[in-house]
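*Asks:* Structure provided below as structure tokens; questions to follow.
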Amino acid sequence: MRGEIKIKSASGSLPIPIEPVDMVGAHERAASFTTRSIKKTSKIQALYTVIRMTDLTTLEGADTPGRVRQLCIKARYPVPHDIFSELQSHPDYQPIPSVAAVCVYPSLVKVAVDTLRGTGINIASVATAFPSGQLAIKEKLKDVKLAVLDGATEIDMVINRNAFLKGDYQTVFDEIVRVKEACGDAHLKVILETGELKTYDNVRLASHIAMEAGGDFIKTSTGKIQPAATLPVTLVMLQAIRDFHDKTGKMIGMKPAGGIKTAKQAIQYLVMVNETLGSAWLTPDMFRFGASSLLNDVIRQLFKQMTGRYYYDKVFSND
Amino acid sequence: MTRKKLNQSTETKTASTPFVFEYSPAPQETNIVKIEKKNKLFIDGKFVAPKSGKYFATLNPATGEKLADLAEAGKQDVDLAVKAARKAYKNVWSKISGEERGRYLFRIARLIQERAREFAVLETLDNGKPIKETRDIDIPLVAAHFFYNAGWADKLNYAFPGHQVSPLGVAGQVIPWNFPLLMAAWKIAPALATGNTVVLKPAETTSLSALLLARIFQEAELPDGVVNFVTGAGETGAELVAHKDINKVAFTGSTDIGKSIVQATAGTNKRLTMELGGKSAHIVYEDAAIDQAVEGVINGIFFNQGHVCCAGSRLLVEESIQDIVVKKLKRRMEELRVGDPMDKNTDIGAINSKEQLNKIHSLVKKGREENPDFFESSCPLPKKGYFHRPCFFNNAASSSTVSRVEIFGPVLSISTFRTPDEAIAKANDTNFGLAAGIWSEKGSKIHKTALGLKAGIIWANTYNKFDPTSPFGGYFESGFGREGGRHGLLPYVEVNS
Amino acid sequence: MNRLKVSKTIKLFIDGKFPRTESGRTTDIFFSDSKKLYAHLCKASRKDLRMSVDAAKAALPGWSSKTAYNRGQILYRMAEMAEAKRQEFLDVLENTMGMSTEDANTQVDQAIDCLVYYAGFTDKYQQVYGAVNPVSGPHHNFTTPEPMGVVAHLASTNLNLPSLVSEIVSVICSGNTVLTVLPENGAAIIAPLSEVIATSDVPGGVVNLLTGSFDELYPHIATHMEIIGVKDQTENDKVSKTLQIEGALNMKRISTQNEENLKDIKNILDFVEFKTVWHPIGV
């Protein structure tokens with residue numbers, strides 16, 4: 001029989017489908033997106049879009065206000081606008097846009113807010129005892145509230161894998177609901193940490209729990225556990241988003257994070273989103289890349305596409 | 001959309017407008033291939049003009065334009081080819097060691113790998129199948145078949161426990177147009193590994209890759225006459241299988257022609273292998289991994305334009321999930337890109353010939369008269385060439401034309417079942433028995449179903465997978481004999497008592 | 001004083017029962033030396049043949065799904081019963097075939113040995129001819145031989161008991177069911193043979209034995225589409241050609257080889273299909 005789990009929610013008993021996933025089939029389908037050839041003008045468009053979709057991230061113990069300020073400036077102007085005349089002569093040239101958000105630890109949200117005031121760039125903060133999530137819920141909620149109070153517009157929470165892997169899906173659900181309440185107006189991205197869930201069956205189920213509980217986005221990974229984002233795990237989550245949309249009409253966003261380092265990889269993700277969810281999801285509202293080094297490669301590839309020249313990495317900052 | 005918009009930075013005003021991906025026409029360069037205007041026969045290691053003096057045109061089905069002229073082998077040509085094969089068998093191929101035979105086959109495998117791109121492009125030009133399939137599936141498998149069988153040549157004493165084997169002699173082989181070079185490899189590699197020599201007739205619409213393979217044989221210094229190619233249509237094939245001096249007939253093609261070959265060879269003691277048609281069932285249970293099952297169904301029927309003898313052309317879906325499966329199937333079919341087979345983004349290429357396209361059209365027409373519950377993808381079709389949209393008939397009765405007749409095109413019939421027993425019974429409700437698919441996440445149910453299905457290949461939670469180590473062949477009117485694996489050697493040897 | 005012997009009426013063997021031919025026709029069999037009447041044998045009709053096919057088809061699911069171990073035990077039981085019925089086999093071989101007691105005993109010995117041989121093969125031929133195939137990818141792939149279905153067996157014209165028994169038992173050993181048209185010369189063997197089968201827990205319909213005219217029956221075997229396999233031991237070109245031409249309609253698997261050993265896996269392989277199953281390997 002097709003399975004489902006029953007969750008107690010504020011509006012009563014909530015059935016959540018158990019959708020099994022065949023690993024090999026998911027891998028084959030994901031691999032099929034890597035062989036698409038994109039038109040050159042489309043590729044330039046895609047690269048601009050990747051920048052607009054990037055959550056530029058720094059999540060290190062060694063992060064300092066100075067480091068975060070630097071990153072914020074790069075987030076706003078990844079490349080100085082006026083110094084590359086060779087680029088500007090290309091018909092498809094537009095100024096290199098800002099990224100979607102910067103993503104930092106809660107203690108550094110204030111620094112980011114101060115630096116980015118007036119730019120419209122979102123400030124995302126990881127919270128809920130990131131990355132392990134191994135704290136009591138009330139501590140997690142404090143973590144979230146503080147980040148929101150300090151000005152975070154987006155919260156990237158981690159699910160309770162402790163509860164999930166012992167089969168206590170109710171707790172997983174309840175924590176997301178409560179974090180969502182604590183977020184207020186801030187958008188909630190729910191990190192499944194797929195590298196710890198291990199199976200696609202788990203990923204599929206966790207995706208549905210996160211969406212039912214009110215997550216605005218679902219996100220693969222903290223970046224601290226390998227494997228982080230992969231094409232197949234993202235595919236499985238996109239398929240969950242599609243089914244949830246079929247059922248409820250709600251559009252949930254997707255954020256693969258960790259391990260996406262090249263423009264080529266990023267475009268493969270966009271192809272997959274395009275063929276799985278359609279172009280309505282190809283906006284920063286609905287799709288984000290959580291990445292640190294991706295931005296530099298995308299800039300390099302944009303330069304290549306517009307000038308035919310492979311620029312060396314001394315030309316723009318490698319922050 | 002129910003949620004509030006995210007912040008937009010000044011530089012990203014246009015960000016919330018989704019952009020539309022345009023896949024480029026990404027045509028594979030074709031200048032890697034040189035096609036002779038007028039092609040000859042390959043007999044006794046040389047390219048020779050046909051004694052018949054006749055030639056016929058071979059077309060590119062994606063454009064309808066002529067690619068080249070092929071020689072039409074007549075009775076005399078076939079006889080010369082068989083004589084060359086007999087001579088090579090007697091004087092060379094049955095004399096040298098298995099190790100030596102293997103060395104030639106290994107060499108051939110390597111040369112095919114080296115010229116893989118050339119083969120892929122040529123095959124796509126001649127057959128109309130997408131370049132991504134010839135590049136990623138057909139040609140790599142061709143090389144793999146030669147490589148696999150090469151290794152058997154000096155190990156035949158391990159193949160059949162308790163028995164010694166000997167070759168049969170000269171094999172006459174007739175192959176179809178759906179996987180031209182791959183079918184040639186399936187036929188030639190085991191025949192040569194076991195010590196037989198070969199006269200092979202490629203399909204009349206797709207002979208060019210075999211002629212390129214002949215050049216590989218020359219490069220590999222395969223002894224003259226060990227493999228001979230006679231091009232031509234049905235009459236050439238009939239001459240070949242009827243020739244008195246062949247010991248073995250191996251045929252892949254339609255069930256009707258297969259039956260006529262069996263009858264034509266009756267009373268001759270020629271050993272036969274028949275790989276014929278199919279109407280393979282694809283069972284999707286309600287506990288399946290549905291997204292992968294839908295992929296499997298798509299791959300099962302639309303792979304190679306549905307020109308696959310083992311195509312999963314009958315979808316049997318458990319009634320409780322019919323709606324969701326059909327919905328997902330439709331959505332997925334809309335993503336299939338039909339068009340120029342030379343474009344790397346093309347999923348479905350050209351139908352191989354006008355004749356085949358007409359056949360598909362007439363069966364679809366008949367189907368629509370019997371059952372109006374019809375869906376086809378809305379994709380645009382190229383103006384030139386022979387193309388057909390992927391389509392299906394929903395709620396098709398087991399008794400309907402589209403559920404019983406092999407269409408050999410991108411046409412699926414869908415019907416429902418209620419219990420595993422019913423699924424098995426419906427799957428077996430056919431005079432064919434080539435392949436079947438099963439989708440379920442319950443292991444014991446898969447094994448029970450696989451056991452009950454009367455078919456030679458069962459793909460459980462996958463479909464249309466091929467491998468040189470894996471035997472392929474059918475039950476009932478899908479033919480007899482196996483190709484591939486250890487079992488694929490059996491049809492080419494005498495097992496001595 | 002000599003008591004008048006109760007003689008046996010020899011009948012057909014269909015579906016585990018001993019019917020007379022529905023046609024009511026008989027053929028007379030004589031003692032080879034005295035030319036006195038040995039028995040009236042049934043001359044099976046097309047309808048008897050059809051009923052045999054129906055019985056064999058009905059018996060197929062049950063027989064083929066028995067465990068291989070169970071089939072082996074049943075075949076071994078046949079050997080036990082044949083040993084007990086030795087005298088009756090000798091009677092037919094000596095009196096209707098004119099064999100010496102020594103030759104007849106040798107034939108019975110060999111026939112029984114064949115039963116034992118194939119009894120021990122029911123759960124091994126799959127291991128010898130099955131395979132796990134190392135495909136290039138994340139899939140488990142295995143090939144296993146399976147029974148083919150209903151097999152018709154045209155025995156050689158002159159009775160050779162070991163060859164007859166070897167053929168029948170090698171066909172059913174894998175789970176096929178069979179209908180055998182017995183040799184015209186030596187057809188009285190049907191009596192002890194059918195009684196061995198009937199008393200060995202072989203389910204009804206698994207083996208069906210007919211006596212009658214080859215010429216009359218083989219065309220109906222050739223055209224009957226429920227018959228998927230044919231073992232043709234007649235060494236008659238006309239018969240084999242007809243079987244191939246008519247059999248092409250349902251792709252009959254026809255084996256005409258006759259020179260093989262009595263005890264050989266090849267005899268089993270003639271009537272199996274190889275099924276290959278693929279399954280992904282993943283979590």
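Note on naming: chains are A, B, ... as they come in the structure tokens, residues start from 1 per chain, ligands start from 1 in the order shown.
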Per residue of chain B within 8 Å of chain C, record the nearest atom pair and its distance in Å to one decimal, counting only C-alpha atoms, with rows in chain order and ascending residue number, as JSON lines.
*Replies:*
{"residue": "B:Pro161", "atom": "CA", "partner": "C:Val128", "partner_atom": "CA", "distance": 7.3}
{"residue": "B:Lys259", "atom": "CA", "partner": "C:Ala248", "partner_atom": "CA", "distance": 5.1}
{"residue": "B:Ser260", "atom": "CA", "partner": "C:Ala248", "partner_atom": "CA", "distance": 7.6}
{"residue": "B:Val262", "atom": "CA", "partner": "C:Ala248", "partner_atom": "CA", "distance": 5.9}
{"residue": "B:Gln263", "atom": "CA", "partner": "C:Ile245", "partner_atom": "CA", "distance": 4.6}
{"residue": "B:Ala264", "atom": "CA", "partner": "C:Ile245", "partner_atom": "CA", "distance": 7.9}
{"residue": "B:Ala266", "atom": "CA", "partner": "C:Lys241", "partner_atom": "CA", "distance": 5.1}
{"residue": "B:Gly267", "atom": "CA", "partner": "C:Lys241", "partner_atom": "CA", "distance": 4.5}
{"residue": "B:Ala450", "atom": "CA", "partner": "C:Val277", "partner_atom": "CA", "distance": 7.5}
{"residue": "B:Ala455", "atom": "CA", "partner": "C:Lys275", "partner_atom": "CA", "distance": 6.8}
{"residue": "B:Gly456", "atom": "CA", "partner": "C:Lys275", "partner_atom": "CA", "distance": 4.4}
{"residue": "B:Ile457", "atom": "CA", "partner": "C:Thr276", "partner_atom": "CA", "distance": 4.8}
{"residue": "B:Ile458", "atom": "CA", "partner": "C:Val277", "partner_atom": "CA", "distance": 4.6}
{"residue": "B:Trp459", "atom": "CA", "partner": "C:Trp278", "partner_atom": "CA", "distance": 4.9}
{"residue": "B:Ala460", "atom": "CA", "partner": "C:His279", "partner_atom": "CA", "distance": 5.1}
{"residue": "B:Asn461", "atom": "CA", "partner": "C:His279", "partner_atom": "CA", "distance": 6.1}
{"residue": "B:Thr462", "atom": "CA", "partner": "C:His279", "partner_atom": "CA", "distance": 6.7}
{"residue": "B:Asp467", "atom": "CA", "partner": "C:Val135", "partner_atom": "CA", "distance": 5.8}
{"residue": "B:Pro468", "atom": "CA", "partner": "C:Val135", "partner_atom": "CA", "distance": 7.5}
{"residue": "B:Thr469", "atom": "CA", "partner": "C:Asn133", "partner_atom": "CA", "distance": 5.7}
{"residue": "B:Ser470", "atom": "CA", "partner": "C:Asn133", "partner_atom": "CA", "distance": 5.9}
{"residue": "B:Pro471", "atom": "CA", "partner": "C:Thr276", "partner_atom": "CA", "distance": 6.6}
{"residue": "B:Phe472", "atom": "CA", "partner": "C:Thr276", "partner_atom": "CA", "distance": 7.5}
{"residue": "B:Tyr475", "atom": "CA", "partner": "C:Glu273", "partner_atom": "CA", "distance": 6.9}
{"residue": "B:Phe476", "atom": "CA", "partner": "C:Met251", "partner_atom": "CA", "distance": 6.1}
{"residue": "B:Glu477", "atom": "CA", "partner": "C:Met251", "partner_atom": "CA", "distance": 5.4}
{"residue": "B:Gly479", "atom": "CA", "partner": "C:Met251", "partner_atom": "CA", "distance": 6.4}
{"residue": "B:Phe480", "atom": "CA", "partner": "C:Arg253", "partner_atom": "CA", "distance": 7.5}
{"residue": "B:Arg482", "atom": "CA", "partner": "C:Phe274", "partner_atom": "CA", "distance": 7.8}
{"residue": "B:Gly485", "atom": "CA", "partner": "C:Asn133", "partner_atom": "CA", "distance": 7.2}
{"residue": "B:Ser497", "atom": "CA", "partner": "C:Glu260", "partner_atom": "CA", "distance": 6.1}
*Asks:* Which residues are close to Asp347 (chain B), i.e. within 8 Å by only C-alpha atoms, leaving aside same-chain residues fewer than 6 positions away? Reply as a CSV table (one decimal) with N, CA and C atoms, in the first residue's frame.
*Replies:*
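Below is the file that was written, selection.csv:
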chain,number,residue,atom,x,y,z
B,130,PRO,N,18.4,10.0,-32.4
B,130,PRO,CA,19.1,11.1,-31.9
B,130,PRO,C,20.6,10.8,-31.7
B,132,LYS,N,22.4,11.8,-29.4
B,132,LYS,CA,22.8,11.5,-28.0
B,132,LYS,C,22.6,10.0,-27.7
B,336,LEU,N,9.6,16.4,-23.8
B,336,LEU,CA,10.4,15.6,-24.8
B,336,LEU,C,10.6,16.5,-26.0
B,337,ARG,N,11.8,16.6,-26.5
B,337,ARG,CA,12.1,17.4,-27.6
B,337,ARG,C,12.2,16.5,-28.9
B,338,VAL,N,11.3,16.8,-29.8
B,338,VAL,CA,11.2,16.0,-31.0
B,338,VAL,C,11.8,16.8,-32.1
B,339,GLY,N,12.8,16.3,-32.9
B,339,GLY,CA,13.3,17.1,-34.0
B,339,GLY,C,14.6,16.5,-34.5
*Asks:* Which residues come within 8 Å of Phe287 (chain A), counting only C-alpha atoms, excluding same-chain residues fewer than 6 positions away, as a ChimeraX atom specification?
*Replies:* /A:53,253-255,281
*Asks:* Calculated over only C-alpha atoms, which of the candidates B:Pro382, B:Pro25, B:Gly367, B:Gly484 has the smallest distance to chain A?
*Replies:*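 Going through B:Pro382, B:Pro25, B:Gly367, B:Gly484 one by one, the smallest distance to chain A is for B:Pro25.
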*Asks:* Report the residues of region 30-149 of chain A whose backbone DSSP state falls under helix (DSSP H, G or I), written as a count of residues only.
*Replies:* 59
*Asks:* Just give me the gap between CA of Asn202 (chain A) and CA of Ala436 (chain B) in Å, one decimal is fine.
*Replies:* 29.3 Å
*Asks:* Tell me, as a PyMOL selection string, which residues lie within 10 Å of Val179 (chain A), counting only C-alpha atoms; anything in the same chain fewer than 6 positions away does not count.
*Replies:* chain A and resi 127-128+137-138+140-145+155+157+188+190+213-215
*Asks:* How would the residues just picked look written out with C-alpha atoms as a PDB file, in the first residue's frame?
*Replies:*
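The file below, result-v6.pdb, is the result:
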ATOM      1  CA  ALA A 127      19.756  29.673  13.072  1.00  0.00           C
ATOM      2  CA  THR A 128      18.385  26.846  15.250  1.00  0.00           C
ATOM      3  CA  ILE A 137      13.738  23.950  20.939  1.00  0.00           C
ATOM      4  CA  LYS A 138      13.482  26.971  23.209  1.00  0.00           C
ATOM      5  CA  LYS A 140      16.592  27.353  18.848  1.00  0.00           C
ATOM      6  CA  LEU A 141      13.680  29.775  18.985  1.00  0.00           C
ATOM      7  CA  LYS A 142      15.794  32.304  20.867  1.00  0.00           C
ATOM      8  CA  ASP A 143      18.429  31.935  18.185  1.00  0.00           C
ATOM      9  CA  VAL A 144      15.854  32.690  15.484  1.00  0.00           C
ATOM     10  CA  LYS A 145      14.207  35.591  17.287  1.00  0.00           C
ATOM     11  CA  ILE A 155      16.160  32.408   8.299  1.00  0.00           C
ATOM     12  CA  MET A 157      16.978  26.652   9.887  1.00  0.00           C
ATOM     13  CA  LEU A 188      12.047  30.530   6.235  1.00  0.00           C
ATOM     14  CA  VAL A 190      14.331  24.661   5.904  1.00  0.00           C
ATOM     15  CA  ALA A 213       4.966  22.818   8.257  1.00  0.00           C
ATOM     16  CA  GLY A 214       5.279  26.175   6.505  1.00  0.00           C
ATOM     17  CA  GLY A 215       8.784  26.402   5.061  1.00  0.00           C
TER      18      GLY A 215
END
*Asks:* Can you tell me, as a short mmCIF file (atom, residue, chain, number, x, y, z; two decimals) with C-alpha atoms, in the first residue's frame, what residues are no more than 8 Å from Thr234 (chain C) when counting only C-alpha atoms, ignoring any on the same chain fewer than 3 positions away?
*Replies:*
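Heads up, here's the output in part-v3.cif:
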data_model
loop_
_atom_site.label_atom_id
_atom_site.label_comp_id
_atom_site.auth_asym_id
_atom_site.auth_seq_id
_atom_site.Cartn_x
_atom_site.Cartn_y
_atom_site.Cartn_z
CA LEU C 154 7.24 -38.13 -30.94
CA ALA C 155 9.20 -41.18 -29.85
CA SER C 156 11.37 -43.14 -32.24
CA THR C 157 9.57 -45.63 -34.43
CA VAL C 239 7.71 -35.23 -40.19
#
*Asks:* Counting only C-alpha atoms, which residues from chain A have an atom at most 8 Å from any atom of chain B, and could you show them as a ChimeraX atom specification?
*Replies:* /A:1-2,19-22,25-26,29,35-40,42,45-46,49,52,97-98,100,119-122,187,239,249-251,271,274-275,279-285
*Asks:* Counting only C-alpha atoms, which of B:Leu200, B:Lys384, B:Leu208, B:Phe179 gets nearest to Lys37 (chain B)?
*Replies:* B:Leu208
*Asks:* Do a neighbour search on region 72-86 of chain C at 9 Å with only C-alpha atoms, toss out local chain neighbours closer than 6 positions, and write the hits as JSON, numbers by chain.
*Replies:* {"C": [105, 108, 109, 111, 112, 113, 114, 115, 116, 117, 118, 119, 120, 121, 122, 123, 169, 173, 192, 193, 195, 196, 197, 199, 200, 201, 202]}
*Asks:* Do you know which residues are at most 8 Å from Leu295 (chain A) counting only C-alpha atoms, after dropping those on the same chain fewer than 2 positions away, and could you put them as a ChimeraX atom specification?
*Replies:* /A:51,54,56,78,291-293,297-299
*Asks:* Find the residues of chain A that sit at most 8 Å from chain C; for each, write down the nearest two atoms and how far apart they are in Å, to one decimal. Count only C-alpha atoms. Sort by chain, then by number going up, and give it as a tab-separated table.
*Replies:*
residue	atom	partner	partner_atom	distance
A:Asp22	CA	C:Gly282	CA	7.3
A:Met23	CA	C:Gly282	CA	5.3
A:Val24	CA	C:Pro280	CA	6.1
A:Thr199	CA	C:Val283	CA	6.1
A:Tyr200	CA	C:Val283	CA	7.7
*Asks:* For N, CA and C atoms, I'd like the residues from the last selection saved as a PDB file, in the first residue's frame.
*Replies:*
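As a result, part-v2.pdb now contains:
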ATOM      1  N   ASP A  22      13.409   5.597  -6.235  1.00  0.00           N
ATOM      2  CA  ASP A  22      14.413   4.632  -6.676  1.00  0.00           C
ATOM      3  C   ASP A  22      15.713   5.384  -6.968  1.00  0.00           C
ATOM      4  N   MET A  23      16.758   5.016  -6.245  1.00  0.00           N
ATOM      5  CA  MET A  23      18.007   5.769  -6.318  1.00  0.00           C
ATOM      6  C   MET A  23      18.596   5.801  -7.726  1.00  0.00           C
ATOM      7  N   VAL A  24      18.684   4.613  -8.335  1.00  0.00           N
ATOM      8  CA  VAL A  24      19.350   4.532  -9.629  1.00  0.00           C
ATOM      9  C   VAL A  24      18.566   5.322 -10.685  1.00  0.00           C
ATOM     10  N   THR A 199      19.134   8.619   2.651  1.00  0.00           N
ATOM     11  CA  THR A 199      18.366   7.992   1.566  1.00  0.00           C
ATOM     12  C   THR A 199      17.420   9.014   0.936  1.00  0.00           C
ATOM     13  N   TYR A 200      17.129   8.788  -0.358  1.00  0.00           N
ATOM     14  CA  TYR A 200      16.197   9.682  -1.044  1.00  0.00           C
ATOM     15  C   TYR A 200      14.784   9.522  -0.492  1.00  0.00           C
TER      16      TYR A 200
END
